[in-house]
Amino acid sequence: MLSYNAIQRSELEQWSFTETEFNLLAQGKCESVMSLGNGYMGLRSATEEAYIGATRNLFVNGTFNRFDELEVTELPNAADVTQVELFIDGQRFSLETGKVTDYNRTLNLRDAELTRSFVWRSDEGKRIQFEFRRFVSKHDLHLIGIKLQVTPLDEGITLRLASGINAQMSNSGSQHFHEGEKRIFNKKYLQLVQTTTESKVDFVLSALHQFWIDGCQVDLEPQMEIERRKMEMVYTMELKAGQTLEMHKLVQVHTSRDSDSHASANLESLRSYSLEALKQAEAAGYDRLFEQHQQEWAAIWDRYSFEIDSENRFDLLALRFAIYHLMVMTPVHDHRMGIGAKGLSGEGYKGHSFWDTEIFILPFFIYSEPKIARSLLEYRYLGLEGARRKAKENGFEGAMYPWEVAWPSDGEVTPVWGAVDIVTGKQTKIWSGFIEQHITSDIAYAVWHYYQASGDQSFMDECGYEMIFDTATFWASRLEWNEEASIYEINEVIGPDEYKEHVDNNAFTNYMAHFNMQLALHYYDELKTRNPELLSSLDSILNLAHSSQEWQEKADAIYLPKPDERGIIAQDDNYLLKQLIDLTPYKSQSKVGSLFQDYSLDQVNEMQVSKQADILMLFYLLENRFAPELKRANYDYYEPKTLHDSSLSFSTHSILASDFDDKKLAYELFRRATEIDLGPHEHSSDAGIHSASLGGIWQCVVMGFAGMRMLDGELHLHPRMPESWHRLAFPLYWKGSKLECIITKDQLEIKTDCTDEVHLVIYGKRVSFTGQLQFEMIHI
Ligand code: BGC
């Protein structure tokens, strides 16, 4: 069970959460939600001592490898450095034996530090105090620091401690590494090399241990062990009652995929660079290294400073939790890398990126740190190569983005086989990689969104126009002409609702394809006068003169489903004709996907039941194309049929509920989104945290409760705070200026240090100001 009130340090209230009792059967929960990282690497928070059921993961972003031709590429699980085995008077220490008191494991979000402490009474009756600390440095992206303290409280003990680097790891059995060289320098510095089997990425891990007894540094003679894929040091010492042993373990992780210059040299120089970096870390010492890390995090929180005065103090904690994980998982250092659907916190989704990034996470960066948003879009620009290949392989033109992507040029990496089919007992085929095609226009949409909010012309000139033009060309070649109806259709797809496969004219897909082609036409016309040189150079590679005619002709004749007499837009050609079933048992399920205990995906395909927001997502993205009453009617039709079996669902529903001024519902759905990872479910995060949902939590607050939207290039605010909230303050970046928004029950205040006039639309009214603006709240 997690506790959300700072138990030991009151200054960490709303900055930390704590596991108050060790739960052997739910280790995945804390391992994921308390995971550490810095965008370069992610470290799952398994305990130092080993237990059955634990999952140790260290992922370095971008180091994808393919186990064999029957599997898709994934982020390999690198060697473990967190395990420390402790033996007390010859007995292996474990929380499964003896008695534990004062247990707490805490993630401190403010300092990005994991701590664990407790008193353990051995079966022989000796009480020992344990304290552990861990961080993955935000200052030195290659550094991991681990600290432990052991104090026998009643009588002396003999303590044996085994710690090292263990490459006997795998991804659920798939071993991604060749056995590499291992070496111990000066009986002190451990170094292990591992190279991925197919992508041939070299990993170099270097580690050292330092010891203090009651504050005095001691040199302990280690017993050195090197085994197959593993090396460790074993230290033995006597501790008197009341004496404290402190161990610091410092680890450096480098790979040949790193963008720093040393990585491009040979393995030998990478190895000496890593060793040198370890020695420098040693000279600085754990405490100084931690301080530097803390300073970086202080700067992060300064930039993303949110204030929420809510009757539920959990709300601010939940938002900080979301921002913490977004920062921990995002490779801000390297535009060749994306954000995995589980970040770097677990094996789930293999480290692959989805539309989760562009639609759910990117808005947070667009409005909080646009340069990171740009880097994430550049990753997609680098992915054009794989997208063009996918289009060609499928008989289309232009750029057809992969549903799942790993290394940008790899192209499609969606696995083909998934969960069990309850009827046949076989694995269900995953069709997304073939027919979930809306990702292509989602990316074009994200480019447009970023450009509108940031005004970053150089990005558009270097990448953005090309992405929008070539994605439009894909759609133009993808459309199918229906002679009888004289319209262009898109058949055989999966829309955002993955419980409907092989559908025709999924409304979301058709409208977004239309948006994509119109956007291309708009920029094509604009460039003719604004930058004809750029247009002509793009024309020479993309054949724009011809393509633009196609975009025009097809955008004019694409089928865009319209509302029926009840005001309902069909999610696809057949959705409204499908069978209705009683979803009550599944609506109150404790575990997502319970429907599949009773039905196969083929059967679900024939029912009016949805996994997640589909058409409602369209209303959010292309907001001003649909009337408010229409949105409400469709919400009321589709929500009861939606199981929210995807973590992407609650936030979209919450934002729409805010749009309808249903504050109670919007808040309820926000809370459900916050509980996906941070809530009481013991296994919801086993495979890793839910990245998109974390971006969605930010969107519930900023796009929902503050009513912020970019519409037709203008920034709108329309606050509708939950009743239990008294104040909300947050920063926003808009066309290069920082705005600080403060919303109370009575007033909306915006401050900026920008000297130019800022133009906004507040409650539908255009306003311009410099310095500060105060607006009386409209009470609805
Ligand atoms: C959802 C997708 C999402 C993916 C990764 C799936 O369950 O249906 O929309 O992109 O998870 O988060």
# chains A, B, ... in the order shown; residues from 1 in each chain; ligands from 1
$ residues_around --residues "Ala687 in chain A" --least-positions-apart "6" --cutoff "6 Å" --atoms "only C-alpha atoms" --output "list in words"
Gly346, Glu347 and Gly348 of chain A
$ residues_around --residues "range 407-419 of chain A" --least-positions-apart "4" --cutoff "10 Å" --atoms "only C-alpha atoms" --output "ChimeraX atom specification"
/A:61-66,70-75,335-338,349-350,352-354,378-391,400-403,425-434,596,601
$ closest_atom_pairs --of "chain A" --to "ligand 1" --cutoff "9 Å" --atoms "only C-alpha atoms and all ligand atoms" --output "JSON lines"
{"residue": "A:Gly340", "atom": "CA", "partner": "ligand 1", "partner_atom_place_in_ligand_line": "12 (O)", "distance": 8.5}
{"residue": "A:Ala341", "atom": "CA", "partner": "ligand 1", "partner_atom_place_in_ligand_line": "12 (O)", "distance": 4.9}
{"residue": "A:Lys342", "atom": "CA", "partner": "ligand 1", "partner_atom_place_in_ligand_line": "12 (O)", "distance": 7.4}
{"residue": "A:Tyr349", "atom": "CA", "partner": "ligand 1", "partner_atom_place_in_ligand_line": "5 (C)", "distance": 7.1}
{"residue": "A:His352", "atom": "CA", "partner": "ligand 1", "partner_atom_place_in_ligand_line": "5 (C)", "distance": 8.5}
{"residue": "A:Ser353", "atom": "CA", "partner": "ligand 1", "partner_atom_place_in_ligand_line": "5 (C)", "distance": 7.7}
{"residue": "A:Phe354", "atom": "CA", "partner": "ligand 1", "partner_atom_place_in_ligand_line": "10 (O)", "distance": 5.1}
{"residue": "A:Trp355", "atom": "CA", "partner": "ligand 1", "partner_atom_place_in_ligand_line": "10 (O)", "distance": 5.6}
{"residue": "A:Asp356", "atom": "CA", "partner": "ligand 1", "partner_atom_place_in_ligand_line": "10 (O)", "distance": 5.3}
{"residue": "A:Thr357", "atom": "CA", "partner": "ligand 1", "partner_atom_place_in_ligand_line": "10 (O)", "distance": 8.7}
{"residue": "A:Trp403", "atom": "CA", "partner": "ligand 1", "partner_atom_place_in_ligand_line": "10 (O)", "distance": 8.3}
{"residue": "A:Glu404", "atom": "CA", "partner": "ligand 1", "partner_atom_place_in_ligand_line": "10 (O)", "distance": 8.4}
{"residue": "A:Gly495", "atom": "CA", "partner": "ligand 1", "partner_atom_place_in_ligand_line": "9 (O)", "distance": 8.9}
{"residue": "A:Pro496", "atom": "CA", "partner": "ligand 1", "partner_atom_place_in_ligand_line": "9 (O)", "distance": 5.6}
{"residue": "A:Asp497", "atom": "CA", "partner": "ligand 1", "partner_atom_place_in_ligand_line": "8 (O)", "distance": 6.5}
{"residue": "A:Glu498", "atom": "CA", "partner": "ligand 1", "partner_atom_place_in_ligand_line": "8 (O)", "distance": 5.5}
{"residue": "A:Tyr499", "atom": "CA", "partner": "ligand 1", "partner_atom_place_in_ligand_line": "8 (O)", "distance": 8.4}
{"residue": "A:Lys611", "atom": "CA", "partner": "ligand 1", "partner_atom_place_in_ligand_line": "8 (O)", "distance": 6.9}
{"residue": "A:Gln612", "atom": "CA", "partner": "ligand 1", "partner_atom_place_in_ligand_line": "8 (O)", "distance": 6.9}
{"residue": "A:Ala613", "atom": "CA", "partner": "ligand 1", "partner_atom_place_in_ligand_line": "9 (O)", "distance": 9.0}
{"residue": "A:Asp645", "atom": "CA", "partner": "ligand 1", "partner_atom_place_in_ligand_line": "7 (O)", "distance": 7.2}
{"residue": "A:Ser646", "atom": "CA", "partner": "ligand 1", "partner_atom_place_in_ligand_line": "7 (O)", "distance": 4.8}
{"residue": "A:Ser647", "atom": "CA", "partner": "ligand 1", "partner_atom_place_in_ligand_line": "12 (O)", "distance": 7.1}
{"residue": "A:Leu648", "atom": "CA", "partner": "ligand 1", "partner_atom_place_in_ligand_line": "9 (O)", "distance": 6.5}
{"residue": "A:Ser649", "atom": "CA", "partner": "ligand 1", "partner_atom_place_in_ligand_line": "9 (O)", "distance": 8.5}
{"residue": "A:His690", "atom": "CA", "partner": "ligand 1", "partner_atom_place_in_ligand_line": "12 (O)", "distance": 6.9}
{"residue": "A:Ser691", "atom": "CA", "partner": "ligand 1", "partner_atom_place_in_ligand_line": "12 (O)", "distance": 7.3}
{"residue": "A:Ala692", "atom": "CA", "partner": "ligand 1", "partner_atom_place_in_ligand_line": "12 (O)", "distance": 6.4}
{"residue": "A:Ser693", "atom": "CA", "partner": "ligand 1", "partner_atom_place_in_ligand_line": "12 (O)", "distance": 8.4}
$ write_last_selection --atoms "C-alpha atoms" --output "short mmCIF file (atom, residue, chain, number, x, y, z; two decimals), in the first residue's frame"
data_model
loop_
_atom_site.label_atom_id
_atom_site.label_comp_id
_atom_site.auth_asym_id
_atom_site.auth_seq_id
_atom_site.Cartn_x
_atom_site.Cartn_y
_atom_site.Cartn_z
CA GLY A 340 8.71 4.74 -24.77
CA ALA A 341 5.08 4.01 -23.90
CA LYS A 342 6.41 2.80 -20.53
CA TYR A 349 5.96 -2.17 -25.12
CA HIS A 352 8.81 1.65 -28.43
CA SER A 353 7.21 5.04 -29.08
CA PHE A 354 3.60 5.43 -30.22
CA TRP A 355 1.21 8.31 -30.89
CA ASP A 356 1.34 8.61 -27.11
CA THR A 357 4.27 11.00 -27.58
CA TRP A 403 2.67 2.46 -35.49
CA GLU A 404 5.55 1.55 -33.15
CA GLY A 495 -8.79 3.72 -35.30
CA PRO A 496 -7.72 4.81 -31.80
CA ASP A 497 -10.26 2.30 -30.42
CA GLU A 498 -8.25 -0.89 -30.79
CA TYR A 499 -11.27 -3.08 -30.02
CA LYS A 611 -11.33 0.34 -25.51
CA GLN A 612 -10.67 4.09 -25.31
CA ALA A 613 -11.62 7.54 -26.56
CA ASP A 645 -8.95 -0.29 -21.01
CA SER A 646 -6.25 2.00 -22.35
CA SER A 647 -4.58 4.43 -19.95
CA LEU A 648 -5.00 7.07 -22.69
CA SER A 649 -8.72 7.22 -22.17
CA HIS A 690 2.00 4.76 -18.38
CA SER A 691 3.74 7.61 -20.18
CA ALA A 692 0.78 8.89 -22.17
CA SER A 693 -1.43 8.97 -19.11
#
$ closest_residue --among "A:Arg110, A:Leu728, A:Cys216, A:Gln168" --to "Asp302 in chain A" --atoms "only C-alpha atoms"
A:Arg110
$ residues_around --residues "range 549-558 of chain A" --least-positions-apart "6" --cutoff "10 Å" --atoms "only C-alpha atoms" --output "PyMOL selection string"
chain A and resi 469+472-477+479-482+486-490+505+510-511+513-521
$ write_last_selection --atoms "N, CA and C atoms" --output "PDB file, in the first residue's frame"
ATOM      1  N   PHE A 469       4.192  17.653 -45.855  1.00  0.00           N
ATOM      2  CA  PHE A 469       3.947  17.366 -47.280  1.00  0.00           C
ATOM      3  C   PHE A 469       3.969  15.859 -47.546  1.00  0.00           C
ATOM      4  N   ALA A 472       0.987  13.989 -46.161  1.00  0.00           N
ATOM      5  CA  ALA A 472      -0.212  14.240 -46.986  1.00  0.00           C
ATOM      6  C   ALA A 472      -0.166  13.384 -48.247  1.00  0.00           C
ATOM      7  N   THR A 473       1.027  13.254 -48.799  1.00  0.00           N
ATOM      8  CA  THR A 473       1.166  12.431 -49.998  1.00  0.00           C
ATOM      9  C   THR A 473       0.819  10.977 -49.702  1.00  0.00           C
ATOM     10  N   PHE A 474       1.193  10.523 -48.518  1.00  0.00           N
ATOM     11  CA  PHE A 474       0.798   9.157 -48.143  1.00  0.00           C
ATOM     12  C   PHE A 474      -0.720   9.029 -48.185  1.00  0.00           C
ATOM     13  N   TRP A 475      -1.420   9.977 -47.524  1.00  0.00           N
ATOM     14  CA  TRP A 475      -2.882   9.860 -47.458  1.00  0.00           C
ATOM     15  C   TRP A 475      -3.496   9.901 -48.853  1.00  0.00           C
ATOM     16  N   ALA A 476      -2.951  10.788 -49.686  1.00  0.00           N
ATOM     17  CA  ALA A 476      -3.526  10.882 -51.035  1.00  0.00           C
ATOM     18  C   ALA A 476      -3.410   9.537 -51.748  1.00  0.00           C
ATOM     19  N   SER A 477      -2.291   8.831 -51.503  1.00  0.00           N
ATOM     20  CA  SER A 477      -2.138   7.549 -52.196  1.00  0.00           C
ATOM     21  C   SER A 477      -2.924   6.441 -51.491  1.00  0.00           C
ATOM     22  N   LEU A 479      -6.027   6.752 -50.072  1.00  0.00           N
ATOM     23  CA  LEU A 479      -7.483   6.828 -50.225  1.00  0.00           C
ATOM     24  C   LEU A 479      -7.985   5.897 -51.331  1.00  0.00           C
ATOM     25  N   GLU A 480      -9.193   5.391 -51.126  1.00  0.00           N
ATOM     26  CA  GLU A 480      -9.774   4.486 -52.123  1.00  0.00           C
ATOM     27  C   GLU A 480     -11.038   5.124 -52.697  1.00  0.00           C
ATOM     28  N   TRP A 481     -11.152   5.077 -53.990  1.00  0.00           N
ATOM     29  CA  TRP A 481     -12.295   5.715 -54.651  1.00  0.00           C
ATOM     30  C   TRP A 481     -13.507   4.792 -54.623  1.00  0.00           C
ATOM     31  N   ASN A 482     -14.621   5.295 -54.151  1.00  0.00           N
ATOM     32  CA  ASN A 482     -15.873   4.526 -54.171  1.00  0.00           C
ATOM     33  C   ASN A 482     -16.709   5.102 -55.303  1.00  0.00           C
ATOM     34  N   SER A 486     -19.203   8.111 -55.153  1.00  0.00           N
ATOM     35  CA  SER A 486     -18.371   9.244 -55.603  1.00  0.00           C
ATOM     36  C   SER A 486     -17.638   9.919 -54.444  1.00  0.00           C
ATOM     37  N   ILE A 487     -17.013   9.096 -53.637  1.00  0.00           N
ATOM     38  CA  ILE A 487     -16.233   9.645 -52.519  1.00  0.00           C
ATOM     39  C   ILE A 487     -14.943   8.832 -52.353  1.00  0.00           C
ATOM     40  N   TYR A 488     -13.982   9.457 -51.681  1.00  0.00           N
ATOM     41  CA  TYR A 488     -12.782   8.716 -51.297  1.00  0.00           C
ATOM     42  C   TYR A 488     -12.987   8.165 -49.894  1.00  0.00           C
ATOM     43  N   GLU A 489     -12.597   6.920 -49.708  1.00  0.00           N
ATOM     44  CA  GLU A 489     -12.761   6.273 -48.404  1.00  0.00           C
ATOM     45  C   GLU A 489     -11.412   5.777 -47.897  1.00  0.00           C
ATOM     46  N   ILE A 490     -11.393   5.455 -46.594  1.00  0.00           N
ATOM     47  CA  ILE A 490     -10.217   4.754 -46.051  1.00  0.00           C
ATOM     48  C   ILE A 490     -10.760   3.489 -45.391  1.00  0.00           C
ATOM     49  N   ASN A 505     -13.762   3.495 -42.876  1.00  0.00           N
ATOM     50  CA  ASN A 505     -14.096   4.896 -42.587  1.00  0.00           C
ATOM     51  C   ASN A 505     -14.209   5.201 -41.103  1.00  0.00           C
ATOM     52  N   ASN A 510     -10.366   9.337 -40.933  1.00  0.00           N
ATOM     53  CA  ASN A 510     -10.727  10.115 -42.124  1.00  0.00           C
ATOM     54  C   ASN A 510     -10.569  11.624 -41.896  1.00  0.00           C
ATOM     55  N   TYR A 511     -11.097  12.109 -40.758  1.00  0.00           N
ATOM     56  CA  TYR A 511     -11.000  13.551 -40.485  1.00  0.00           C
ATOM     57  C   TYR A 511      -9.539  13.996 -40.345  1.00  0.00           C
ATOM     58  N   ALA A 513      -6.888  12.545 -41.660  1.00  0.00           N
ATOM     59  CA  ALA A 513      -6.227  12.479 -42.980  1.00  0.00           C
ATOM     60  C   ALA A 513      -6.593  13.733 -43.774  1.00  0.00           C
ATOM     61  N   HIS A 514      -7.853  14.118 -43.676  1.00  0.00           N
ATOM     62  CA  HIS A 514      -8.333  15.320 -44.355  1.00  0.00           C
ATOM     63  C   HIS A 514      -7.587  16.549 -43.827  1.00  0.00           C
ATOM     64  N   PHE A 515      -7.456  16.608 -42.500  1.00  0.00           N
ATOM     65  CA  PHE A 515      -6.723  17.709 -41.863  1.00  0.00           C
ATOM     66  C   PHE A 515      -5.294  17.762 -42.399  1.00  0.00           C
ATOM     67  N   ASN A 516      -4.668  16.598 -42.478  1.00  0.00           N
ATOM     68  CA  ASN A 516      -3.277  16.488 -42.925  1.00  0.00           C
ATOM     69  C   ASN A 516      -3.117  17.028 -44.361  1.00  0.00           C
ATOM     70  N   MET A 517      -4.049  16.652 -45.229  1.00  0.00           N
ATOM     71  CA  MET A 517      -3.938  17.096 -46.632  1.00  0.00           C
ATOM     72  C   MET A 517      -4.230  18.593 -46.755  1.00  0.00           C
ATOM     73  N   GLN A 518      -5.201  19.050 -46.002  1.00  0.00           N
ATOM     74  CA  GLN A 518      -5.504  20.490 -46.047  1.00  0.00           C
ATOM     75  C   GLN A 518      -4.356  21.327 -45.505  1.00  0.00           C
ATOM     76  N   LEU A 519      -3.735  20.804 -44.471  1.00  0.00           N
ATOM     77  CA  LEU A 519      -2.594  21.504 -43.876  1.00  0.00           C
ATOM     78  C   LEU A 519      -1.465  21.630 -44.907  1.00  0.00           C
ATOM     79  N   ALA A 520      -1.224  20.523 -45.613  1.00  0.00           N
ATOM     80  CA  ALA A 520      -0.178  20.526 -46.637  1.00  0.00           C
ATOM     81  C   ALA A 520      -0.508  21.562 -47.711  1.00  0.00           C
ATOM     82  N   LEU A 521      -1.765  21.612 -48.111  1.00  0.00           N
ATOM     83  CA  LEU A 521      -2.179  22.578 -49.143  1.00  0.00           C
ATOM     84  C   LEU A 521      -1.968  24.014 -48.663  1.00  0.00           C
TER      85      LEU A 521
END
$ residues_around --residues "range 317-322 of chain A" --least-positions-apart "4" --cutoff "9 Å" --atoms "only C-alpha atoms" --output "ChimeraX atom specification"
/A:4,13-17,33,109-110,301,306,313,326-327,671,674-675,678,691,693-698,701
$ atom_distance --atom1 "CA of Thr20 in chain A" --atom2 "CA of Asp102 in chain A"
8.1 Å
$ residues_around --residues "Gln252 in chain A" --least-positions-apart "6" --cutoff "10 Å" --atoms "only C-alpha atoms" --output "compact mmCIF listing (two decimals) with N, CA, C and O atoms, in the first residue's frame"
# COMPACT_ATOMS: atom_id res chain seq x y z
N ASP A 140 25.26 14.30 -14.14
CA ASP A 140 26.12 13.47 -14.99
C ASP A 140 25.24 12.31 -15.45
O ASP A 140 24.95 11.39 -14.68
N LEU A 141 24.81 12.36 -16.70
CA LEU A 141 23.80 11.42 -17.18
C LEU A 141 24.24 9.96 -17.12
O LEU A 141 23.45 9.05 -17.26
N HIS A 142 25.54 9.74 -16.92
CA HIS A 142 26.07 8.37 -16.93
C HIS A 142 26.21 7.77 -15.52
O HIS A 142 26.68 6.66 -15.38
N LEU A 143 25.84 8.55 -14.52
CA LEU A 143 26.15 8.15 -13.14
C LEU A 143 24.95 7.62 -12.35
O LEU A 143 23.87 8.21 -12.36
N ILE A 144 25.21 6.51 -11.64
CA ILE A 144 24.24 6.00 -10.66
C ILE A 144 24.95 5.99 -9.30
O ILE A 144 26.11 5.57 -9.21
N GLY A 145 24.26 6.45 -8.27
CA GLY A 145 24.84 6.42 -6.93
C GLY A 145 23.96 5.59 -6.00
O GLY A 145 22.74 5.73 -6.01
N GLN A 191 34.93 -3.43 -14.11
CA GLN A 191 34.46 -2.98 -15.43
C GLN A 191 33.95 -4.17 -16.23
O GLN A 191 34.62 -5.20 -16.34
N VAL A 204 29.53 -0.19 -21.63
CA VAL A 204 30.63 -0.31 -20.67
C VAL A 204 30.11 0.14 -19.32
O VAL A 204 29.65 1.28 -19.17
N LEU A 205 30.13 -0.75 -18.34
CA LEU A 205 29.70 -0.39 -16.99
C LEU A 205 30.90 -0.48 -16.07
O LEU A 205 31.59 -1.51 -16.03
N SER A 206 31.16 0.58 -15.34
CA SER A 206 32.27 0.60 -14.40
C SER A 206 31.71 0.93 -13.02
O SER A 206 30.82 1.77 -12.90
N ALA A 207 32.25 0.26 -11.99
CA ALA A 207 31.69 0.49 -10.65
C ALA A 207 32.78 0.42 -9.59
O ALA A 207 33.81 -0.21 -9.77
N LEU A 208 32.54 1.11 -8.48
CA LEU A 208 33.46 1.00 -7.34
C LEU A 208 32.66 1.04 -6.05
O LEU A 208 31.51 1.50 -6.02
N TYR A 273 37.58 5.89 -21.04
CA TYR A 273 36.79 7.09 -20.71
C TYR A 273 35.88 6.79 -19.52
O TYR A 273 35.75 7.59 -18.58
N SER A 274 35.27 5.63 -19.54
CA SER A 274 34.35 5.23 -18.47
C SER A 274 35.09 5.11 -17.13
O SER A 274 34.62 5.57 -16.09
N LEU A 275 36.27 4.50 -17.19
CA LEU A 275 37.07 4.33 -15.96
C LEU A 275 37.47 5.69 -15.41
O LEU A 275 37.42 5.94 -14.20
N GLU A 276 37.89 6.55 -16.32
CA GLU A 276 38.31 7.90 -15.92
C GLU A 276 37.14 8.64 -15.27
O GLU A 276 37.28 9.29 -14.23
N ALA A 277 35.97 8.51 -15.89
CA ALA A 277 34.78 9.18 -15.35
C ALA A 277 34.45 8.65 -13.95
O ALA A 277 34.04 9.40 -13.06
N LEU A 278 34.67 7.35 -13.77
CA LEU A 278 34.40 6.76 -12.46
C LEU A 278 35.36 7.33 -11.41
O LEU A 278 34.97 7.65 -10.28
N LYS A 279 36.62 7.48 -11.81
CA LYS A 279 37.61 8.02 -10.86
C LYS A 279 37.28 9.47 -10.51
O LYS A 279 37.46 9.91 -9.37
N ALA A 281 34.30 10.71 -10.44
CA ALA A 281 33.15 10.64 -9.53
C ALA A 281 33.64 10.29 -8.13
O ALA A 281 33.18 10.85 -7.14
$ closest_atom_pairs --of "range 376-470 of chain A" --to "range 620-637 of chain A" --cutoff "12 Å" --atoms "only C-alpha atoms" --output "CSV"
residue,atom,partner,partner_atom,distance
A:Ser441,CA,A:Leu621,CA,11.4
A:Asp442,CA,A:Leu621,CA,9.5
A:Tyr445,CA,A:Leu621,CA,8.6
A:Ala446,CA,A:Leu621,CA,10.1
A:Trp448,CA,A:Leu621,CA,11.7
A:His449,CA,A:Leu621,CA,9.9
$ residues_around --residues "range 91-95 of chain A" --least-positions-apart "5" --cutoff "7 Å" --atoms "only C-alpha atoms" --output "PDB file with all heavy atoms, in the first residue's frame"
ATOM      1  N   GLU A  49      18.388  -6.363  -1.842  1.00  0.00           N
ATOM      2  CA  GLU A  49      18.413  -7.827  -1.646  1.00  0.00           C
ATOM      3  C   GLU A  49      17.409  -8.466  -2.615  1.00  0.00           C
ATOM      4  O   GLU A  49      16.416  -7.836  -2.957  1.00  0.00           O
ATOM      5  CB  GLU A  49      18.121  -8.186  -0.182  1.00  0.00           C
ATOM      6  CG  GLU A  49      16.736  -7.915   0.318  1.00  0.00           C
ATOM      7  CD  GLU A  49      16.440  -6.445   0.658  1.00  0.00           C
ATOM      8  OE1 GLU A  49      17.297  -5.593   0.434  1.00  0.00           O
ATOM      9  OE2 GLU A  49      15.319  -6.171   1.120  1.00  0.00           O
ATOM     10  N   LEU A  86      23.381  -9.232   1.401  1.00  0.00           N
ATOM     11  CA  LEU A  86      23.934  -9.012   2.733  1.00  0.00           C
ATOM     12  C   LEU A  86      23.787 -10.298   3.547  1.00  0.00           C
ATOM     13  O   LEU A  86      22.726 -10.921   3.526  1.00  0.00           O
ATOM     14  CB  LEU A  86      23.174  -7.878   3.420  1.00  0.00           C
ATOM     15  CG  LEU A  86      23.279  -6.515   2.725  1.00  0.00           C
ATOM     16  CD1 LEU A  86      22.145  -5.611   3.131  1.00  0.00           C
ATOM     17  CD2 LEU A  86      24.613  -5.871   3.030  1.00  0.00           C
ATOM     18  N   VAL A 100      10.226  -7.204  10.800  1.00  0.00           N
ATOM     19  CA  VAL A 100      10.567  -5.860  10.300  1.00  0.00           C
ATOM     20  C   VAL A 100       9.715  -4.817  11.003  1.00  0.00           C
ATOM     21  O   VAL A 100       8.506  -4.980  11.118  1.00  0.00           O
ATOM     22  CB  VAL A 100      10.258  -5.744   8.782  1.00  0.00           C
ATOM     23  CG1 VAL A 100      10.807  -4.452   8.209  1.00  0.00           C
ATOM     24  CG2 VAL A 100      10.774  -6.934   8.038  1.00  0.00           C
TER      25      VAL A 100
END
$ select_by_dssp --residues "range 21-235 of chain A" --states "strand (DSSP E)" --output "ChimeraX atom specification"
/A:36-37,41-43,58-60,84-88,91-92,99-108,113-121,127-136,143-152,157-166,177-178,182-185,189-196,202-213,216-218,223-227,230-235
$ atom_distance --atom1 "CA of Ala507 in chain A" --atom2 "CA of Lys562 in chain A"
8.9 Å
$ residues_around --residues "Ile743 in chain A" --least-positions-apart "3" --cutoff "12 Å" --atoms "only C-alpha atoms" --output "number ranges by chain"
A: 306-309, 701-702, 705-707, 717-722, 725-731, 740, 746-751, 773-778
$ select_by_dssp --residues "range 475-546 of chain A" --states "alpha helix (DSSP H)" --output "ChimeraX atom specification"
/A:475-478,507-530,532-542,544-546
$ closest_residue --among "A:Phe67, A:Asp219, A:Leu616, A:His683" --to "Lys591 in chain A" --atoms "only C-alpha atoms"
A:His683
$ atom_distance --atom1 "CA of Gln571 in chain A" --atom2 "CA of Cys700 in chain A"
23.7 Å
$ closest_residue --among "A:Tyr40, A:Tyr524, A:Tyr638, A:Tyr599" --to "Ile569 in chain A" --atoms "only C-alpha atoms"
A:Tyr638
$ closest_residue --among "A:His438, A:Arg566, A:Lys664, A:His716" --to "Thr471 in chain A" --atoms "only C-alpha atoms"
A:His438
